[in-house]
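Raw contents of coords_21.cif, mmCIF, C-alpha atoms:
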```
data_start
#
loop_
_atom_site.group_PDB
_atom_site.id
_atom_site.type_symbol
_atom_site.label_atom_id
_atom_site.label_comp_id
_atom_site.auth_asym_id
_atom_site.auth_seq_id
_atom_site.Cartn_x
_atom_site.Cartn_y
_atom_site.Cartn_z
ATOM 1 C CA MET J 162 0.000 0.000 0.000
ATOM 2 C CA PHE J 163 2.829 2.419 0.862
ATOM 3 C CA TYR J 164 4.438 1.714 -2.525
ATOM 4 C CA ILE J 165 1.245 2.774 -4.324
ATOM 5 C CA LEU J 166 0.653 5.898 -2.219
ATOM 6 C CA ALA J 167 4.280 6.999 -2.524
ATOM 7 C CA ARG J 168 4.521 6.572 -6.323
ATOM 8 C CA PRO J 169 3.466 10.145 -7.149
ATOM 9 C CA PHE J 170 6.663 11.229 -5.363
ATOM 10 C CA ALA J 171 8.857 8.650 -7.182
ATOM 11 C CA PHE J 172 10.244 11.214 -9.613
ATOM 12 C CA ILE J 173 12.606 12.456 -6.908
ATOM 13 C CA LEU J 174 14.270 9.005 -7.115
ATOM 14 C CA VAL J 175 14.909 9.078 -10.875
ATOM 15 C CA ARG J 176 18.546 8.355 -11.639
ATOM 16 C CA HIS J 177 19.976 10.779 -14.184
ATOM 17 C CA ASP J 178 23.068 12.960 -14.343
ATOM 18 C CA HIS J 179 22.634 15.950 -12.046
ATOM 19 C CA LEU J 180 18.823 15.680 -11.963
ATOM 20 C CA ARG J 181 18.500 15.017 -8.241
ATOM 21 C CA THR J 182 21.247 17.517 -7.435
ATOM 22 C CA ALA J 183 19.433 20.267 -9.333
ATOM 23 C CA MET J 184 16.082 19.433 -7.769
ATOM 24 C CA ILE J 185 17.221 19.024 -4.167
ATOM 25 C CA ALA J 186 20.383 21.090 -3.772
ATOM 26 C CA GLY J 187 19.096 23.808 -6.094
ATOM 27 C CA SER J 188 15.867 24.050 -4.116
ATOM 28 C CA ILE J 189 17.688 24.186 -0.782
ATOM 29 C CA VAL J 190 20.113 26.899 -1.944
ATOM 30 C CA CYS J 191 17.398 29.058 -3.560
ATOM 31 C CA ALA J 192 15.007 28.665 -0.602
ATOM 32 C CA SER J 193 17.745 29.497 1.904
ATOM 33 C CA ILE J 194 18.794 32.634 0.025
ATOM 34 C CA ALA J 195 15.173 33.761 -0.446
ATOM 35 C CA THR J 196 14.338 33.148 3.229
ATOM 36 C CA LEU J 197 17.396 35.067 4.365
ATOM 37 C CA ALA J 198 16.583 37.915 1.980
ATOM 38 C CA LEU J 199 12.958 38.022 3.120
ATOM 39 C CA PHE J 200 13.870 38.320 6.790
ATOM 40 C CA VAL J 201 16.751 40.760 6.197
ATOM 41 C CA VAL J 202 14.841 43.071 3.844
ATOM 42 C CA ASP J 203 11.605 43.043 5.852
ATOM 43 C CA PRO J 204 11.998 41.416 9.293
ATOM 44 C CA THR J 205 8.505 42.551 10.304
ATOM 45 C CA ARG J 206 6.853 40.982 7.248
ATOM 46 C CA LYS J 207 3.572 39.335 8.174
ATOM 47 C CA ILE J 208 3.815 35.581 7.560
ATOM 48 C CA PHE J 209 0.343 34.411 8.609
ATOM 49 C CA GLY J 210 -3.169 35.828 8.235
ATOM 50 C CA SER J 211 -4.626 38.543 6.037
ATOM 51 C CA GLY J 212 -2.114 40.356 3.798
ATOM 52 C CA SER J 213 0.611 37.861 4.662
ATOM 53 C CA PHE J 214 3.308 35.819 2.951
ATOM 54 C CA ILE J 215 0.906 32.868 2.852
ATOM 55 C CA GLN J 216 -1.867 34.905 1.260
ATOM 56 C CA ALA J 217 0.578 36.072 -1.407
ATOM 57 C CA ILE J 218 1.704 32.619 -2.575
ATOM 58 C CA LEU J 219 -1.355 30.429 -1.874
ATOM 59 C CA PRO J 220 -3.197 31.475 -5.070
ATOM 60 C CA VAL J 221 -0.223 30.375 -7.159
ATOM 61 C CA PHE J 222 -0.120 26.990 -5.420
ATOM 62 C CA SER J 223 -3.875 26.593 -5.821
ATOM 63 C CA SER J 224 -3.696 26.855 -9.611
ATOM 64 C CA LEU J 225 -0.809 24.413 -10.083
ATOM 65 C CA PRO J 226 -2.438 20.994 -9.432
ATOM 66 C CA GLY J 227 -5.036 21.468 -12.173
ATOM 67 C CA PHE J 228 -2.372 22.478 -14.669
ATOM 68 C CA PHE J 229 -0.111 19.556 -13.783
ATOM 69 C CA ILE J 230 -2.988 17.031 -13.850
ATOM 70 C CA ALA J 231 -3.965 18.297 -17.322
ATOM 71 C CA ALA J 232 -0.351 17.939 -18.456
ATOM 72 C CA LEU J 233 -0.207 14.411 -17.002
ATOM 73 C CA ALA J 234 -3.410 13.456 -18.816
ATOM 74 C CA ALA J 235 -2.086 14.904 -22.078
ATOM 75 C CA VAL J 236 1.220 13.044 -21.831
ATOM 76 C CA ALA J 237 -0.461 9.786 -20.814
ATOM 77 C CA THR J 238 -2.926 9.843 -23.728
ATOM 78 C CA PHE J 239 -1.033 11.641 -26.503
ATOM 79 C CA ASN J 240 -0.842 9.378 -29.543
ATOM 80 C CA ARG J 241 2.788 9.655 -30.526
ATOM 81 C CA PRO J 242 4.810 6.410 -30.788
ATOM 82 C CA GLU J 243 8.101 8.220 -30.084
ATOM 83 C CA LEU J 244 6.946 8.789 -26.503
ATOM 84 C CA ASP J 245 7.043 5.037 -25.867
ATOM 85 C CA VAL J 246 10.643 4.561 -26.968
ATOM 86 C CA GLU J 247 13.372 4.398 -24.331
ATOM 87 C CA MET J 248 14.941 7.809 -23.843
ATOM 88 C CA PRO J 249 18.345 8.438 -25.432
ATOM 89 C CA ASP J 250 21.438 7.766 -23.380
ATOM 90 C CA PRO J 251 21.981 8.638 -20.708
ATOM 91 C CA ALA J 252 18.425 7.455 -20.181
ATOM 92 C CA PRO J 253 16.861 8.315 -16.829
ATOM 93 C CA GLN J 254 16.224 5.228 -14.696
ATOM 94 C CA LEU J 255 13.757 4.491 -11.931
ATOM 95 C CA LYS J 256 13.307 1.506 -9.670
ATOM 96 C CA LEU J 257 9.927 -0.025 -10.508
ATOM 97 C CA MET J 258 8.062 -3.037 -9.215
ATOM 98 C CA THR J 259 7.229 -5.495 -11.994
ATOM 99 C CA GLN J 260 5.612 -8.844 -11.205
ATOM 100 C CA GLY J 261 6.491 -8.446 -7.529
ATOM 101 C CA LYS J 262 10.181 -7.702 -8.189
ATOM 102 C CA LYS J 263 11.884 -4.313 -7.948
ATOM 103 C CA GLY J 264 14.560 -3.277 -10.399
ATOM 104 C CA PHE J 265 15.849 -0.262 -12.275
ATOM 105 C CA VAL J 266 14.201 0.401 -15.619
ATOM 106 C CA LYS J 267 15.321 2.850 -18.304
ATOM 107 C CA LEU J 268 12.413 5.200 -18.796
ATOM 108 C CA THR J 269 10.549 6.028 -21.949
ATOM 109 C CA THR J 270 9.733 9.687 -22.523
ATOM 110 C CA ARG J 271 6.076 9.025 -21.666
ATOM 111 C CA MET J 272 7.023 7.321 -18.380
ATOM 112 C CA PHE J 273 9.482 10.073 -17.483
ATOM 113 C CA LEU J 274 6.985 12.861 -18.140
ATOM 114 C CA SER J 275 4.173 10.982 -16.398
ATOM 115 C CA PHE J 276 6.291 10.597 -13.258
ATOM 116 C CA LEU J 277 7.359 14.242 -13.560
ATOM 117 C CA PHE J 278 3.808 15.611 -13.701
ATOM 118 C CA ALA J 279 2.561 13.219 -11.011
ATOM 119 C CA TYR J 280 5.384 14.471 -8.771
ATOM 120 C CA LEU J 281 4.676 18.124 -9.508
ATOM 121 C CA THR J 282 0.962 17.636 -8.816
ATOM 122 C CA SER J 283 1.702 15.925 -5.501
ATOM 123 C CA VAL J 284 4.234 18.530 -4.378
ATOM 124 C CA ALA J 285 1.794 21.313 -5.287
ATOM 125 C CA PHE J 286 -0.900 19.628 -3.143
ATOM 126 C CA LEU J 287 1.669 19.267 -0.349
ATOM 127 C CA GLY J 288 2.471 22.975 -0.657
ATOM 128 C CA ILE J 289 -1.208 23.885 -0.368
ATOM 129 C CA ALA J 290 -1.542 21.687 2.719
ATOM 130 C CA VAL J 291 1.553 23.215 4.359
ATOM 131 C CA LEU J 292 0.395 26.776 3.669
ATOM 132 C CA ILE J 293 -3.152 26.209 4.905
ATOM 133 C CA ALA J 294 -1.968 24.278 7.981
ATOM 134 C CA GLY J 295 0.514 27.050 8.802
ATOM 135 C CA ASP J 296 -2.154 29.717 8.487
ATOM 136 C CA LEU J 297 -4.639 27.761 10.599
ATOM 137 C CA LEU J 298 -2.156 26.723 13.299
ATOM 138 C CA ALA J 299 -0.343 30.053 13.649
ATOM 139 C CA PRO J 300 -2.796 31.708 16.078
ATOM 140 C CA GLY J 301 -2.787 28.674 18.383
ATOM 141 C CA ILE J 302 0.988 28.395 18.318
ATOM 142 C CA SER J 303 1.268 32.122 19.083
ATOM 143 C CA ARG J 304 -0.904 31.654 22.166
ATOM 144 C CA LEU J 305 1.153 28.668 23.343
ATOM 145 C CA ILE J 306 4.571 30.229 22.816
ATOM 146 C CA SER J 307 5.213 33.690 24.191
ATOM 147 C CA ASP J 308 8.973 33.923 23.546
ATOM 148 C CA GLU J 309 9.728 36.268 20.608
ATOM 149 C CA LYS J 310 12.882 34.365 19.672
ATOM 150 C CA ALA J 311 10.897 31.118 19.430
ATOM 151 C CA HIS J 312 8.308 32.907 17.262
ATOM 152 C CA LEU J 313 11.035 34.074 14.912
ATOM 153 C CA ILE J 314 12.541 30.575 14.679
ATOM 154 C CA ILE J 315 9.120 29.076 13.893
ATOM 155 C CA LYS J 316 8.492 31.740 11.236
ATOM 156 C CA VAL J 317 11.888 31.147 9.625
ATOM 157 C CA ILE J 318 11.364 27.360 9.577
ATOM 158 C CA PHE J 319 7.892 27.766 8.120
ATOM 159 C CA VAL J 320 8.992 30.234 5.411
ATOM 160 C CA LEU J 321 12.017 28.073 4.568
ATOM 161 C CA THR J 322 9.748 25.021 4.201
ATOM 162 C CA ALA J 323 7.241 26.900 2.029
ATOM 163 C CA LEU J 324 9.997 28.324 -0.161
ATOM 164 C CA LEU J 325 11.725 24.938 -0.382
ATOM 165 C CA ILE J 326 8.516 23.478 -1.808
ATOM 166 C CA THR J 327 8.093 26.509 -4.089
ATOM 167 C CA PHE J 328 11.608 26.329 -5.502
ATOM 168 C CA ASN J 329 11.379 22.558 -5.867
ATOM 169 C CA ILE J 330 8.300 23.035 -8.047
ATOM 170 C CA VAL J 331 9.986 25.809 -10.066
ATOM 171 C CA ILE J 332 13.237 23.915 -10.619
ATOM 172 C CA THR J 333 11.505 20.606 -11.353
ATOM 173 C CA THR J 334 9.202 22.374 -13.822
ATOM 174 C CA LEU J 335 12.265 23.877 -15.535
ATOM 175 C CA VAL J 336 13.841 20.405 -15.726
ATOM 176 C CA GLY J 337 10.606 19.140 -17.261
ATOM 177 C CA MET J 338 10.608 21.988 -19.778
ATOM 178 C CA TYR J 339 14.147 21.032 -20.799
ATOM 179 C CA PHE J 340 13.077 17.450 -21.411
ATOM 180 C CA LEU J 341 9.948 18.580 -23.298
ATOM 181 C CA ALA J 342 11.720 21.239 -25.351
ATOM 182 C CA GLU J 343 14.984 19.491 -26.179
ATOM 183 C CA ARG J 344 15.400 15.913 -25.056
ATOM 184 C CA ILE J 345 12.068 14.747 -26.474
ATOM 185 C CA HIS J 346 13.293 15.603 -29.986
ATOM 186 C CA ARG J 347 16.597 13.730 -29.800
ATOM 187 C CA GLY J 348 16.809 10.364 -31.456
ATOM 188 C CA LYS J 349 18.975 7.501 -30.276
ATOM 189 C CA VAL J 350 22.559 8.711 -29.977
#
```

So, in terms of structure tokens, how does the structure I just supplied come out?
Amino acid sequence: MFYILARPFAFILVRHDHLRTAMIAGSIVCASIATLALFVVDPTRKIFGSGSFIQAILPVFSSLPGFFIAALAAVATFNRPELDVEMPDPAPQLKLMTQGKKGFVKLTTRMFLSFLFAYLTSVAFLGIAVLIAGDLLAPGISRLISDEKAHLIIKVIFVLTALLITFNIVITTLVGMYFLAERIHRGKV
């Protein structure tokens, strides 16, 4: 059951030169710089509630799942035989379960893009959940914790998490655009 529920996030496990580094390390670096800049430029910036950081980025997150689901449906049903051919070397690989056995499989373009858009959809839903939970829990946490330093630490962790998800979506989308714009048109090398 866990295998099935975790599959939308499987794209993060795709083996390909620099793919995981760009998605994870790139997201961490960009989110860290943006969080630092946000708190240095405007340390009094409202994070929760009306007119806040959350209210500024939630509409963007809310529109993403529909777009990514539409893209997933298009890729899954598009009638183009080239999509079902193994990707050119170095072909991305992913560990899949086939007939009860797990092993690495070189991905076709359709498989790669399907995993990509399933991942992006899932991360966008996760981002929505994190933002809404943060907004709903903030007043209660503020009542429980009176120390200003603790408040600041919680705000920084929350903003860093939200921006980590944001930059992961942006960078992963850019990776997907590279594969759609360039790699999809390459033949076998």

Which residues are near Leu277 in chain J? Cut-off 9 Å, all atoms listed in the file, ignore same chain within fewer than 2 positions. Put them as a PyMOL selection string. chain J and resi 169-173+233+272-275+279-282+333-334+337

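Our summary of the geometry notes that CA of Arg176 in chain J is positioned 19.0 Å from CA of Val284 in chain J.
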
Evaluate the PyMOL selection byres ((chain J and resi 314-328) around 9) on the structure here and hand back the selected residues as a PyMOL selection string. chain J and resi 184-185+187-193+195-197+200+208-209+214-215+218+222+284-285+287-288+291-292+295+309-313+329-333

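Between CA of Leu166 in chain J and CA of Gly227 in chain J the separation is 19.3 Å.
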
Please provide the set of residues having any atom within 12 Å of Glu343 in chain J, restricted to only C-alpha atoms, with same-chain residues fewer than 6 positions apart removed, written as a compact mmCIF listing (two decimals) with C-alpha atoms, keeping the file's coordinate frame.
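out_28.txt was written with the following content:
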```txt
# COMPACT_ATOMS: atom_id res chain seq x y z
CA MET J 248 14.94 7.81 -23.84
CA PRO J 249 18.34 8.44 -25.43
CA THR J 270 9.73 9.69 -22.52
CA LEU J 335 12.26 23.88 -15.54
CA VAL J 336 13.84 20.40 -15.73
CA GLY J 337 10.61 19.14 -17.26
```

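For the atom pair formed by CA of Gly212 in chain J and CA of Asp296 in chain J, the distance is 11.6 Å, given to one decimal.
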
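Residue selection for this entry, given the PyMOL selection byres ((chain J and resi 242-244) around 7), comprises Asn240, Arg241, Asp245, Val246, Thr269, Thr270 and Arg271 of chain J.
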
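Nearest residue to Lys207 in chain J among J:Ala299, J:Val236, J:Leu225, J:Ile289 is J:Ala299, counting all atoms listed in the file.
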
Have a look at J:Ala198, J:Ile306, J:Met258, J:Ala252 and name the one nearest to Asp178 in chain J; count all atoms listed in the file. J:Ala252
